[in-house]
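Here's work_22.cif, which has mmCIF, C-alpha atoms:
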```
data_entry
#
loop_
_atom_site.label_atom_id
_atom_site.label_comp_id
_atom_site.auth_asym_id
_atom_site.auth_seq_id
_atom_site.Cartn_x
_atom_site.Cartn_y
_atom_site.Cartn_z
CA MET A 1 63.72 -90.45 -154.52
CA PRO A 2 65.53 -87.15 -153.85
CA GLU A 3 64.87 -85.90 -150.35
CA LEU A 4 62.01 -83.41 -150.09
CA LYS A 5 62.71 -80.40 -147.89
CA ASN A 6 60.70 -80.14 -144.70
CA GLU A 7 59.49 -83.51 -143.53
CA PHE A 8 55.94 -84.01 -144.67
CA ASP A 9 53.99 -86.34 -146.93
CA CYS A 10 54.05 -84.49 -150.24
CA ALA A 11 51.82 -86.99 -152.03
CA ALA A 12 49.22 -86.85 -149.26
CA THR A 13 49.18 -83.06 -149.24
CA LEU A 14 48.80 -82.98 -153.02
CA LYS A 15 45.95 -85.47 -152.76
CA GLU A 16 44.15 -83.11 -150.39
CA GLY A 17 44.40 -80.28 -152.91
CA THR A 18 45.90 -77.91 -150.33
CA TRP A 19 47.78 -76.13 -153.10
CA TRP A 20 45.14 -74.99 -155.60
CA MET A 21 47.44 -74.94 -158.63
CA PRO A 22 47.15 -72.36 -161.43
CA PHE A 23 46.11 -73.33 -164.97
CA THR A 24 46.11 -76.96 -163.87
CA ALA A 25 43.79 -79.95 -164.02
CA ASN A 26 44.03 -80.15 -160.23
CA ARG A 27 42.08 -83.38 -159.85
CA ARG A 28 44.50 -85.07 -162.23
CA VAL A 29 47.48 -83.90 -160.16
CA ARG A 30 45.80 -85.05 -156.95
CA GLU A 31 45.37 -88.49 -158.52
CA GLN A 32 48.93 -88.79 -159.81
CA GLY A 33 50.74 -87.36 -156.79
CA LEU A 34 54.52 -87.52 -156.89
CA ALA A 35 54.50 -88.29 -160.62
CA ARG A 36 53.85 -84.57 -161.06
CA VAL A 37 56.53 -83.30 -158.64
CA VAL A 38 59.96 -81.91 -159.52
CA THR A 39 62.48 -81.50 -156.73
CA SER A 40 65.45 -79.71 -158.32
CA ALA A 41 66.79 -78.20 -161.52
CA LYS A 42 70.20 -77.67 -163.05
CA GLY A 43 71.14 -76.45 -166.50
CA ALA A 44 68.55 -77.50 -169.07
CA TYR A 45 67.03 -80.22 -166.86
CA TYR A 46 64.60 -80.65 -164.01
CA THR A 47 64.80 -83.63 -161.68
CA ALA A 48 61.53 -85.39 -160.90
CA ALA A 49 60.65 -86.84 -157.49
CA ASP A 50 61.59 -90.33 -158.72
CA GLY A 51 65.01 -89.11 -159.91
CA THR A 52 64.16 -88.89 -163.65
CA LYS A 53 65.97 -86.12 -165.51
CA LEU A 54 63.49 -84.05 -167.55
CA PHE A 55 64.69 -81.89 -170.43
CA ASP A 56 63.10 -78.46 -170.07
CA THR A 57 61.46 -78.11 -173.49
CA LEU A 58 59.82 -74.74 -172.75
CA SER A 59 62.39 -72.99 -170.53
CA GLY A 60 60.08 -73.34 -167.54
CA LEU A 61 57.19 -71.28 -168.92
CA TRP A 62 59.15 -69.41 -171.61
CA CYS A 63 61.06 -67.75 -168.77
CA SER A 64 64.38 -69.56 -168.13
CA PRO A 65 66.55 -69.18 -171.25
CA LEU A 66 69.74 -69.57 -169.17
CA GLY A 67 68.56 -72.85 -167.71
CA HIS A 68 68.58 -73.34 -163.96
CA ALA A 69 70.80 -72.90 -160.89
CA ASP A 70 73.48 -70.71 -162.39
CA PRO A 71 75.79 -69.88 -159.44
CA ARG A 72 76.37 -66.34 -160.72
CA ILE A 73 72.70 -65.55 -160.23
CA THR A 74 72.69 -67.15 -156.79
CA GLU A 75 75.60 -64.94 -155.80
CA ALA A 76 73.84 -61.83 -157.17
CA LEU A 77 70.81 -62.63 -155.01
CA ARG A 78 72.93 -63.08 -151.89
CA LYS A 79 74.90 -59.92 -152.50
CA GLN A 80 71.82 -57.80 -153.11
CA ALA A 81 70.04 -59.23 -150.08
CA ASP A 82 72.99 -58.18 -147.95
CA THR A 83 73.00 -54.67 -149.45
CA LEU A 84 69.41 -53.60 -150.10
CA ASP A 85 66.81 -56.34 -149.91
CA PHE A 86 63.77 -54.10 -150.43
CA ALA A 87 63.06 -50.45 -151.13
CA PRO A 88 59.68 -48.98 -152.00
CA GLY A 89 59.28 -47.73 -155.55
CA PHE A 90 56.85 -45.04 -154.43
CA GLN A 91 58.78 -41.75 -154.11
CA ILE A 92 62.10 -43.60 -153.51
CA ALA A 93 64.60 -44.87 -156.11
CA ASN A 94 67.35 -47.46 -155.82
CA PRO A 95 70.51 -47.66 -157.98
CA GLU A 96 69.97 -51.20 -159.29
CA THR A 97 66.56 -50.41 -160.74
CA VAL A 98 67.57 -47.00 -162.09
CA ARG A 99 70.47 -48.62 -163.93
CA LEU A 100 68.25 -51.44 -165.18
CA SER A 101 65.77 -48.99 -166.68
CA GLU A 102 68.61 -47.40 -168.66
CA ARG A 103 69.93 -50.77 -169.72
CA ILE A 104 66.57 -52.05 -170.98
CA ALA A 105 65.87 -48.77 -172.78
CA ASN A 106 69.23 -49.10 -174.55
CA MET A 107 68.26 -52.61 -175.70
CA ALA A 108 64.89 -51.48 -177.04
CA PRO A 109 64.16 -49.85 -180.40
CA ALA A 110 65.43 -46.27 -180.71
CA GLY A 111 63.17 -43.70 -179.11
CA MET A 112 61.69 -46.10 -176.57
CA ASP A 113 63.49 -44.54 -173.64
CA HIS A 114 61.34 -45.03 -170.54
CA VAL A 115 60.51 -48.12 -168.47
CA PHE A 116 57.70 -48.64 -165.96
CA PHE A 117 58.30 -51.76 -163.83
CA ALA A 118 55.72 -54.32 -162.74
CA ASN A 119 56.07 -57.89 -161.44
CA SER A 120 54.65 -60.12 -164.17
CA GLY A 121 53.42 -60.19 -167.72
CA SER A 122 49.84 -59.84 -166.53
CA GLU A 123 50.70 -56.69 -164.59
CA ALA A 124 52.77 -55.32 -167.45
CA ASP A 125 49.93 -55.77 -169.92
CA ASP A 126 47.33 -54.16 -167.65
CA THR A 127 49.77 -51.31 -167.03
CA ALA A 128 50.23 -50.72 -170.78
CA LEU A 129 46.47 -50.60 -171.33
CA LYS A 130 46.09 -48.03 -168.55
CA ILE A 131 48.93 -45.96 -170.01
CA ALA A 132 47.14 -45.98 -173.37
CA ILE A 133 43.87 -44.73 -171.88
CA GLY A 134 45.66 -42.07 -169.81
CA TYR A 135 47.77 -40.91 -172.76
CA HIS A 136 44.76 -40.14 -174.93
CA ARG A 137 42.90 -38.48 -172.07
CA LEU A 138 45.83 -36.16 -171.36
CA ARG A 139 45.95 -35.23 -175.03
CA GLY A 140 42.30 -34.18 -174.98
CA GLU A 141 41.06 -37.36 -176.70
CA GLY A 142 39.30 -38.97 -173.74
CA ALA A 143 36.72 -40.47 -176.10
CA ARG A 144 39.37 -43.04 -177.09
CA PHE A 145 38.39 -45.75 -174.63
CA ARG A 146 38.22 -48.85 -176.80
CA LEU A 147 40.94 -51.51 -176.62
CA ILE A 148 41.50 -53.95 -179.46
CA GLY A 149 43.01 -57.40 -179.01
CA ARG A 150 43.26 -60.42 -181.27
CA GLU A 151 41.60 -63.80 -181.31
CA ARG A 152 43.79 -66.48 -179.68
CA GLY A 153 45.88 -63.75 -178.03
CA TYR A 154 47.09 -64.13 -174.46
CA HIS A 155 47.79 -61.05 -172.38
CA GLY A 156 47.76 -62.42 -168.87
CA VAL A 157 44.95 -62.80 -166.37
CA GLY A 158 44.39 -59.26 -165.11
CA LEU A 159 40.97 -57.91 -166.02
CA GLY A 160 42.42 -55.74 -168.78
CA GLY A 161 44.67 -58.37 -170.31
CA MET A 162 42.03 -61.08 -169.99
CA SER A 163 39.48 -58.86 -171.75
CA VAL A 164 41.84 -57.94 -174.59
CA GLY A 165 43.02 -61.55 -174.78
CA GLY A 166 41.22 -63.89 -177.12
CA ILE A 167 41.40 -67.31 -175.47
CA VAL A 168 37.85 -68.56 -174.96
CA PRO A 169 38.32 -70.70 -171.81
CA ASN A 170 40.06 -67.77 -170.09
CA ARG A 171 37.14 -65.47 -170.91
CA LYS A 172 33.91 -67.40 -170.61
CA MET A 173 33.84 -67.88 -166.82
CA PHE A 174 34.47 -64.19 -166.20
CA ALA A 175 32.33 -62.66 -168.94
CA THR A 176 30.35 -60.55 -166.46
CA ILE A 177 33.41 -58.61 -165.31
CA MET A 178 35.09 -58.04 -168.68
CA VAL A 179 36.36 -54.53 -169.38
CA PRO A 180 33.80 -52.75 -171.58
CA GLY A 181 34.62 -51.42 -175.03
CA VAL A 182 36.93 -54.26 -176.07
CA ASP A 183 36.88 -55.89 -179.50
CA HIS A 184 39.09 -58.32 -181.37
CA ILE A 185 40.61 -58.66 -184.81
CA ARG A 186 40.91 -62.08 -186.37
CA HIS A 187 44.19 -63.93 -186.04
CA PRO A 188 46.21 -64.51 -189.23
CA TYR A 189 46.47 -68.31 -189.00
CA ASP A 190 44.70 -70.39 -191.66
CA HIS A 191 45.76 -74.02 -191.76
CA SER A 192 44.61 -74.46 -195.35
CA LYS A 193 47.04 -71.76 -196.51
CA VAL A 194 50.03 -71.84 -194.14
CA ALA A 195 50.35 -75.43 -192.89
CA PHE A 196 53.92 -76.61 -192.22
CA SER A 197 55.39 -73.12 -192.68
CA LYS A 198 59.01 -72.55 -191.83
CA GLY A 199 59.41 -69.08 -190.37
CA GLN A 200 57.01 -66.39 -191.52
CA PRO A 201 54.25 -67.60 -193.84
CA GLU A 202 53.97 -65.86 -197.20
CA TRP A 203 50.16 -65.72 -196.97
CA GLY A 204 48.28 -63.61 -194.47
CA ALA A 205 49.44 -59.97 -194.52
CA GLU A 206 45.95 -59.02 -195.70
CA MET A 207 44.50 -60.26 -192.41
CA ALA A 208 45.75 -57.03 -190.85
CA GLU A 209 42.99 -55.26 -192.79
CA ASP A 210 40.58 -56.67 -190.21
CA LEU A 211 41.63 -53.73 -188.05
CA GLU A 212 40.17 -51.39 -190.67
CA ARG A 213 36.89 -53.28 -190.27
CA LEU A 214 36.82 -52.44 -186.56
CA VAL A 215 37.81 -48.84 -187.26
CA ALA A 216 34.85 -48.55 -189.60
CA LEU A 217 32.57 -50.22 -187.04
CA HIS A 218 33.58 -48.20 -183.97
CA ASP A 219 35.21 -45.09 -185.50
CA ALA A 220 38.90 -44.46 -184.95
CA SER A 221 38.17 -41.60 -182.55
CA THR A 222 36.97 -44.15 -179.97
CA ILE A 223 39.94 -46.57 -180.20
CA ALA A 224 42.87 -46.10 -177.81
CA ALA A 225 45.16 -49.03 -178.55
CA VAL A 226 45.73 -52.34 -180.26
CA MET A 227 47.60 -55.01 -178.28
CA VAL A 228 49.09 -58.04 -180.03
CA GLU A 229 51.84 -60.56 -179.44
CA PRO A 230 54.31 -60.37 -182.36
CA VAL A 231 54.32 -64.17 -182.14
CA GLN A 232 51.28 -65.63 -180.41
CA GLY A 233 52.92 -68.00 -177.95
CA SER A 234 50.41 -69.45 -175.53
CA THR A 235 48.06 -70.70 -178.24
CA GLY A 236 50.74 -72.54 -180.14
CA VAL A 237 53.38 -70.29 -181.77
CA LEU A 238 51.25 -68.51 -184.36
CA VAL A 239 53.83 -66.78 -186.56
CA PRO A 240 53.06 -63.39 -188.17
CA PRO A 241 52.88 -63.54 -191.97
CA VAL A 242 55.33 -61.51 -194.03
CA GLY A 243 54.12 -57.91 -194.02
CA TYR A 244 51.38 -58.43 -191.43
CA LEU A 245 52.89 -56.53 -188.50
CA GLU A 246 54.04 -53.78 -190.84
CA ARG A 247 50.46 -53.30 -192.03
CA LEU A 248 49.13 -53.21 -188.46
CA ARG A 249 51.65 -50.46 -187.72
CA GLU A 250 50.54 -48.48 -190.78
CA ILE A 251 46.85 -48.69 -189.89
CA CYS A 252 47.45 -47.69 -186.26
CA THR A 253 49.57 -44.72 -187.30
CA LYS A 254 46.98 -43.65 -189.86
CA HIS A 255 44.21 -43.54 -187.25
CA GLY A 256 46.17 -42.27 -184.23
CA ILE A 257 45.87 -45.62 -182.42
CA LEU A 258 48.66 -46.81 -180.13
CA LEU A 259 50.25 -50.15 -181.03
CA ILE A 260 51.35 -52.31 -178.09
CA PHE A 261 53.55 -55.37 -178.59
CA ASP A 262 53.18 -57.95 -175.83
CA GLU A 263 56.74 -59.33 -175.74
CA VAL A 264 56.41 -61.20 -172.47
CA ILE A 265 57.45 -64.36 -174.34
CA THR A 266 59.50 -62.96 -177.21
CA GLY A 267 61.48 -60.33 -175.29
CA PHE A 268 65.14 -60.75 -174.38
CA GLY A 269 66.35 -63.03 -177.13
CA ARG A 270 63.72 -65.63 -177.98
CA MET A 271 63.55 -64.35 -181.58
CA GLY A 272 67.33 -64.07 -181.94
CA GLU A 273 67.13 -60.32 -181.26
CA ASN A 274 66.63 -58.38 -178.04
CA PHE A 275 62.96 -57.93 -178.95
CA ALA A 276 60.73 -59.34 -181.66
CA SER A 277 60.03 -55.79 -182.83
CA GLN A 278 63.67 -55.70 -183.94
CA ARG A 279 63.47 -59.11 -185.58
CA PHE A 280 60.45 -57.99 -187.61
CA ASN A 281 61.64 -54.38 -187.96
CA VAL A 282 58.34 -52.95 -186.71
CA LYS A 283 58.40 -50.34 -183.96
CA PRO A 284 55.40 -50.26 -181.62
CA ASP A 285 54.49 -47.46 -179.23
CA MET A 286 54.88 -49.71 -176.19
CA ILE A 287 56.52 -53.05 -175.44
CA THR A 288 55.57 -55.18 -172.46
CA PHE A 289 58.09 -57.64 -171.03
CA ALA A 290 58.59 -60.11 -168.16
CA LYS A 291 59.77 -63.74 -167.89
CA ALA A 292 63.28 -63.92 -169.38
CA VAL A 293 64.44 -60.59 -167.97
CA THR A 294 65.16 -62.35 -164.65
CA ASN A 295 65.36 -65.89 -166.05
CA GLY A 296 62.14 -66.55 -164.10
CA ILE A 297 63.99 -66.49 -160.77
CA VAL A 298 62.45 -63.36 -159.25
CA PRO A 299 59.17 -62.02 -160.66
CA MET A 300 59.58 -58.89 -162.77
CA GLY A 301 57.78 -57.29 -165.68
CA GLY A 302 57.49 -53.90 -167.25
CA VAL A 303 56.44 -51.58 -170.03
CA ILE A 304 58.82 -49.73 -172.36
CA VAL A 305 57.28 -46.58 -173.80
CA SER A 306 58.21 -43.92 -176.30
CA SER A 307 59.37 -40.50 -175.18
CA ASP A 308 56.18 -38.99 -176.60
CA ILE A 309 54.04 -41.12 -174.28
CA TYR A 310 56.22 -40.46 -171.23
CA ASN A 311 56.40 -36.72 -171.80
CA THR A 312 52.65 -36.52 -172.29
CA PHE A 313 52.25 -37.65 -168.67
CA MET A 314 54.88 -35.23 -167.34
CA THR A 315 52.40 -32.37 -166.99
CA GLY A 316 50.43 -30.62 -164.24
CA PRO A 317 51.75 -29.42 -160.86
CA GLU A 318 55.32 -30.61 -160.21
CA ASN A 319 54.35 -32.12 -156.87
CA ALA A 320 51.48 -34.15 -158.36
CA ILE A 321 51.57 -37.86 -159.17
CA GLU A 322 51.44 -38.05 -162.95
CA PHE A 323 50.28 -41.68 -163.27
CA ALA A 324 48.13 -43.07 -160.45
CA HIS A 325 49.27 -46.65 -160.84
CA GLY A 326 51.94 -48.99 -159.49
CA TYR A 327 52.68 -52.03 -157.34
CA THR A 328 54.35 -52.52 -153.97
CA TYR A 329 57.09 -54.51 -155.64
CA SER A 330 57.53 -52.36 -158.79
CA GLY A 331 61.25 -52.14 -159.50
CA HIS A 332 62.18 -54.47 -156.64
CA PRO A 333 65.96 -54.24 -156.05
CA MET A 334 66.34 -58.02 -155.76
CA ALA A 335 64.66 -58.51 -159.13
CA ALA A 336 66.78 -55.76 -160.65
CA ALA A 337 70.00 -57.34 -159.36
CA VAL A 338 69.04 -60.67 -160.91
CA ALA A 339 68.08 -58.99 -164.17
CA HIS A 340 71.51 -57.34 -164.41
CA THR A 341 73.21 -60.68 -163.90
CA VAL A 342 70.98 -62.39 -166.45
CA LEU A 343 71.69 -59.70 -169.04
CA ASP A 344 75.42 -59.84 -168.19
CA ILE A 345 75.44 -63.58 -168.86
CA MET A 346 73.53 -63.16 -172.10
CA GLU A 347 76.05 -60.60 -173.29
CA GLU A 348 79.16 -62.44 -172.13
CA GLU A 349 78.07 -65.74 -173.67
CA ASN A 350 76.40 -64.27 -176.78
CA LEU A 351 73.22 -66.16 -175.96
CA VAL A 352 70.91 -64.06 -178.12
CA SER A 353 73.09 -64.90 -181.12
CA ARG A 354 73.16 -68.50 -179.94
CA ALA A 355 69.36 -68.59 -179.95
CA ARG A 356 69.42 -67.38 -183.56
CA ALA A 357 72.03 -70.00 -184.45
CA LEU A 358 69.89 -72.76 -182.90
CA GLU A 359 66.82 -71.67 -184.88
CA PRO A 360 67.61 -73.74 -188.01
CA VAL A 361 68.49 -76.74 -185.83
CA LEU A 362 65.08 -76.64 -184.13
CA GLU A 363 63.37 -75.94 -187.45
CA GLU A 364 64.93 -78.94 -189.18
CA ALA A 365 64.23 -81.20 -186.22
CA VAL A 366 60.55 -80.36 -185.70
CA HIS A 367 59.71 -80.37 -189.41
CA SER A 368 61.18 -83.87 -189.67
CA LEU A 369 57.95 -84.96 -187.94
CA ARG A 370 55.83 -84.03 -190.94
CA ASP A 371 55.65 -87.67 -192.04
CA VAL A 372 54.01 -88.79 -188.76
CA PRO A 373 50.33 -89.46 -189.63
CA THR A 374 48.84 -87.83 -186.52
CA VAL A 375 50.83 -84.60 -186.98
CA TYR A 376 48.42 -81.98 -188.35
CA ASP A 377 50.73 -78.95 -188.54
CA ILE A 378 54.19 -77.68 -187.58
CA ARG A 379 55.26 -74.03 -187.15
CA ASN A 380 58.47 -72.35 -186.01
CA ILE A 381 60.32 -69.06 -185.73
CA GLY A 382 63.24 -68.01 -183.55
CA LEU A 383 63.88 -70.56 -180.83
CA THR A 384 60.19 -71.50 -180.73
CA ALA A 385 58.09 -74.13 -182.47
CA ALA A 386 54.77 -75.91 -182.16
CA ILE A 387 53.24 -79.16 -183.33
CA ASP A 388 49.50 -79.69 -183.71
CA LEU A 389 48.29 -83.25 -183.32
CA LYS A 390 45.07 -84.46 -184.91
CA PRO A 391 42.52 -84.77 -182.09
CA ALA A 392 41.45 -88.27 -181.13
CA ALA A 393 37.89 -88.99 -182.26
CA GLY A 394 35.48 -87.40 -179.78
CA LYS A 395 38.32 -86.61 -177.35
CA PRO A 396 39.89 -83.22 -178.08
CA GLY A 397 42.95 -82.66 -175.93
CA ALA A 398 43.36 -86.33 -175.05
CA ARG A 399 46.44 -86.80 -177.23
CA GLY A 400 48.09 -83.71 -175.77
CA LEU A 401 47.48 -84.86 -172.21
CA ALA A 402 48.82 -88.31 -173.02
CA MET A 403 51.93 -86.75 -174.55
CA PHE A 404 52.54 -84.66 -171.45
CA GLU A 405 52.16 -87.59 -169.04
CA ARG A 406 54.26 -89.96 -171.15
CA GLY A 407 56.91 -87.28 -171.53
CA LEU A 408 57.42 -87.25 -167.76
CA LYS A 409 58.33 -90.93 -167.96
CA GLU A 410 60.57 -90.49 -171.00
CA GLY A 411 62.67 -87.54 -169.85
CA LEU A 412 60.77 -84.56 -171.27
CA LEU A 413 58.86 -81.81 -169.50
CA LEU A 414 56.49 -80.88 -172.34
CA ARG A 415 54.09 -77.96 -172.73
CA CYS A 416 50.85 -79.30 -174.17
CA THR A 417 47.81 -77.06 -174.63
CA GLY A 418 44.93 -79.08 -175.97
CA ASP A 419 46.50 -81.13 -178.75
CA THR A 420 49.28 -78.61 -179.41
CA ILE A 421 52.85 -79.14 -178.19
CA SER A 422 54.87 -75.92 -177.89
CA PHE A 423 58.65 -75.68 -177.68
CA GLY A 424 60.88 -72.88 -176.38
CA PRO A 425 64.03 -74.59 -175.12
CA PRO A 426 66.76 -72.79 -173.15
CA PHE A 427 69.31 -70.78 -175.12
CA ILE A 428 72.01 -72.89 -173.50
CA SER A 429 70.69 -76.04 -175.18
CA THR A 430 72.98 -77.93 -177.53
CA PRO A 431 71.99 -79.00 -181.04
CA GLU A 432 72.16 -82.60 -179.85
CA GLN A 433 69.71 -81.91 -177.03
CA LEU A 434 67.23 -80.35 -179.46
CA ARG A 435 67.49 -83.27 -181.86
CA ASP A 436 67.13 -85.78 -179.01
CA MET A 437 64.08 -83.87 -177.73
CA VAL A 438 62.34 -84.16 -181.09
CA ALA A 439 63.38 -87.81 -181.52
CA THR A 440 61.70 -88.60 -178.20
CA VAL A 441 58.62 -86.64 -179.25
CA ARG A 442 58.44 -88.71 -182.44
CA LYS A 443 58.58 -91.91 -180.41
CA LEU A 444 55.85 -90.71 -178.04
CA ILE A 445 53.51 -89.60 -180.82
CA ILE A 446 53.85 -92.90 -182.65
CA GLU A 447 53.18 -94.81 -179.42
CA LEU A 448 49.94 -92.89 -178.83
CA ASP A 449 48.08 -95.06 -181.31
#
```
Please express what this file holds, its structure, as structure tokens.
Amino acid sequence: MPELKNEFDCAATLKEGTWWMPFTANRRVREQGLARVVTSAKGAYYTAADGTKLFDTLSGLWCSPLGHADPRITEALRKQADTLDFAPGFQIANPETVRLSERIANMAPAGMDHVFFANSGSEADDTALKIAIGYHRLRGEGARFRLIGRERGYHGVGLGGMSVGGIVPNRKMFATIMVPGVDHIRHPYDHSKVAFSKGQPEWGAEMAEDLERLVALHDASTIAAVMVEPVQGSTGVLVPPVGYLERLREICTKHGILLIFDEVITGFGRMGENFASQRFNVKPDMITFAKAVTNGIVPMGGVIVSSDIYNTFMTGPENAIEFAHGYTYSGHPMAAAVAHTVLDIMEEENLVSRARALEPVLEEAVHSLRDVPTVYDIRNIGLTAAIDLKPAAGKPGARGLAMFERGLKEGLLLRCTGDTISFGPPFISTPEQLRDMVATVRKLIIELD
């Protein structure tokens, strides 16, 4: 077993539950101990405590497209730590973050020229919602307080993002503290009409009309913003139908409602473009990002906004704070230095184009599983895909859990949510690695029964 840093009994400490792990069946981890521990990572692989190499099928948590332990990023961290390890973002700027804001704005759709930094997707999403409310208030439309999300959407775990999100287990425990005035449109996934779609389904653009239903119910004058993921990632890669996002844009524009794209997963190359908005040719009013911007190495997130939104806030006395919001670590210079290096590597190695080139490889591989009897559906777009397994009788989620645990023994770190397996491999993956990944998944699914 690879040596664990700091001499202590890792299995014993896990068994005690000292680390209360996030989004985890903690009692299961306490029972399994070192079987759930990784000790190092390099390239597209983690190394487990027993020495097993695990292919990183989801780029960490959608956040490590460059893989792991790139020495160029390590050097950028060291260099920045020696130069400026921390500077407050309140009233003080630093060159790395100023330059990063310009760089990200240049990557975004035209006219989206301003970046507000946060430290995670959750913070970015809550920030965007607050910007939306403030924007309308400053324009004399303070009655626009409603926020619209989508069923099965995930927008982090802040109170705003959780409320606008549409994942039932994330909501039910905290129902008493949900943000008021939130509603949800239906998601555009219907298995009976779009099963086994490759790329964007042809059916489903009409589902965007559900927003008109909420406009009629609440009146447009009360609605501030609609927040959606262009591709719904956390609930199993739900792909937007052809024309669906375009219709959402049209309805929002018609009624003066801001459209926010949550690109925490899709931003920085996952769709084979800088942002999914460019892949789908639909321009929102705000884009939230996180994860891949720093390859997951230092937390960073942010919101990209249009000049109209930014300039609306630039009013009042010149010495006044225009937007009473921010975080101690907003625009952290260490995170900015890493982000520059990550973006440098992506440019130098054409990794966004590589992700697009790997898309048909992943598509062909995952759809080859259609003949497996327990496979209920397969979806893909960009360098993402998902497989739904038929639930075991009376045991929803059991097959997914079994897949995850068997994957650890067979060289795969899988992302299983219920009975859905999601894939978002690193951009540095080879075609052979993607095909081998799916071949192992086939073997594991067949062995389940």
- Query: What is the atom CA of Leu58 of chain A to atom CA of Leu412 of chain A distance in Å?
  - Reply: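 Value for the atom CA of Leu58 of chain A-atom CA of Leu412 of chain A distance: 10.0 Å.
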The PyMOL selection byres ((chain A and resi 233-241) around 6) applied to the shown file, residues as a ChimeraX atom specification: /A:200-202,204-205,231-232,242,244,386,422
- Query: For the atom pair atom CA of Phe323 of chain A and atom CA of Lys291 of chain A, what is the interatomic distance in Å to one decimal place?
  - Reply: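 So the answer is 24.5 Å.
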Name the residues that the PyMOL selection byres ((chain A and resi 67) around 7) pulls out of this structure, and write them as a list of chain:residue names. A:Lys42, A:Gly43, A:Ala44, A:Ser59, A:Ser64, A:Pro65, A:Leu66, A:His68, A:Pro426, A:Ile428
Selection dump of the PyMOL selection byres ((chain A and resi 439) around 12), as a list in words:
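For this structure, the PyMOL selection byres ((chain A and resi 439) around 12) resolves to Leu362, Glu364, Ala365, Val366, His367, Ser368, Leu369, Val372, Gly407, Glu410, Gly411, Leu412, Glu432, Gln433, Leu434, Arg435, Asp436, Met437, Val438, Thr440, Val441, Arg442, Lys443, Leu444, Ile445 and Ile446 of chain A.
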Limited to C-alpha atoms, could you put the picked residues into a file as a PDB file, in the coordinates of the input?
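Generated file (part18.pdb):
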```
ATOM      1  CA  LEU A 362      65.080 -76.640-184.130  1.00  0.00           C
ATOM      2  CA  GLU A 364      64.930 -78.940-189.180  1.00  0.00           C
ATOM      3  CA  ALA A 365      64.230 -81.200-186.220  1.00  0.00           C
ATOM      4  CA  VAL A 366      60.550 -80.360-185.700  1.00  0.00           C
ATOM      5  CA  HIS A 367      59.710 -80.370-189.410  1.00  0.00           C
ATOM      6  CA  SER A 368      61.180 -83.870-189.670  1.00  0.00           C
ATOM      7  CA  LEU A 369      57.950 -84.960-187.940  1.00  0.00           C
ATOM      8  CA  VAL A 372      54.010 -88.790-188.760  1.00  0.00           C
ATOM      9  CA  GLY A 407      56.910 -87.280-171.530  1.00  0.00           C
ATOM     10  CA  GLU A 410      60.570 -90.490-171.000  1.00  0.00           C
ATOM     11  CA  GLY A 411      62.670 -87.540-169.850  1.00  0.00           C
ATOM     12  CA  LEU A 412      60.770 -84.560-171.270  1.00  0.00           C
ATOM     13  CA  GLU A 432      72.160 -82.600-179.850  1.00  0.00           C
ATOM     14  CA  GLN A 433      69.710 -81.910-177.030  1.00  0.00           C
ATOM     15  CA  LEU A 434      67.230 -80.350-179.460  1.00  0.00           C
ATOM     16  CA  ARG A 435      67.490 -83.270-181.860  1.00  0.00           C
ATOM     17  CA  ASP A 436      67.130 -85.780-179.010  1.00  0.00           C
ATOM     18  CA  MET A 437      64.080 -83.870-177.730  1.00  0.00           C
ATOM     19  CA  VAL A 438      62.340 -84.160-181.090  1.00  0.00           C
ATOM     20  CA  THR A 440      61.700 -88.600-178.200  1.00  0.00           C
ATOM     21  CA  VAL A 441      58.620 -86.640-179.250  1.00  0.00           C
ATOM     22  CA  ARG A 442      58.440 -88.710-182.440  1.00  0.00           C
ATOM     23  CA  LYS A 443      58.580 -91.910-180.410  1.00  0.00           C
ATOM     24  CA  LEU A 444      55.850 -90.710-178.040  1.00  0.00           C
ATOM     25  CA  ILE A 445      53.510 -89.600-180.820  1.00  0.00           C
ATOM     26  CA  ILE A 446      53.850 -92.900-182.650  1.00  0.00           C
TER      27      ILE A 446
END
```
- Starting from the point (55.8, -57.4, -177.4), work out which residues of protein, DNA or RNA have an atom no more than 12 Å away when counting only C-alpha atoms; state them as a VMD selection string. chain A and resid 108 to 109 121 124 to 125 128 153 to 155 226 to 233 245 259 to 271 274 to 280 282 to 290 301 to 305
Q: Please identify all polymer residues within 8 Å of Gly156 of chain A, counting all atoms listed in the file, omitting same-chain residues fewer than 5 positions from it, and present them as a PyMOL selection string.
A: chain A and resi 121-123+125+161-162+165
Around (40.9, -45.1, -176.1), as given in the file, which residues come within 7 Å? Count all atoms listed in the file and list them as a PDB file with C-alpha atoms, in the coordinates of the input.
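Ended up saving to point.pdb:
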```pdb
ATOM      1  CA  ALA A 132      47.140 -45.980-173.370  1.00  0.00           C
ATOM      2  CA  ILE A 133      43.870 -44.730-171.880  1.00  0.00           C
ATOM      3  CA  HIS A 136      44.760 -40.140-174.930  1.00  0.00           C
ATOM      4  CA  GLY A 142      39.300 -38.970-173.740  1.00  0.00           C
ATOM      5  CA  ALA A 143      36.720 -40.470-176.100  1.00  0.00           C
ATOM      6  CA  ARG A 144      39.370 -43.040-177.090  1.00  0.00           C
ATOM      7  CA  PHE A 145      38.390 -45.750-174.630  1.00  0.00           C
ATOM      8  CA  ARG A 146      38.220 -48.850-176.800  1.00  0.00           C
ATOM      9  CA  LEU A 147      40.940 -51.510-176.620  1.00  0.00           C
ATOM     10  CA  THR A 222      36.970 -44.150-179.970  1.00  0.00           C
ATOM     11  CA  ILE A 223      39.940 -46.570-180.200  1.00  0.00           C
ATOM     12  CA  ALA A 224      42.870 -46.100-177.810  1.00  0.00           C
ATOM     13  CA  ALA A 225      45.160 -49.030-178.550  1.00  0.00           C
TER      14      ALA A 225
END
```
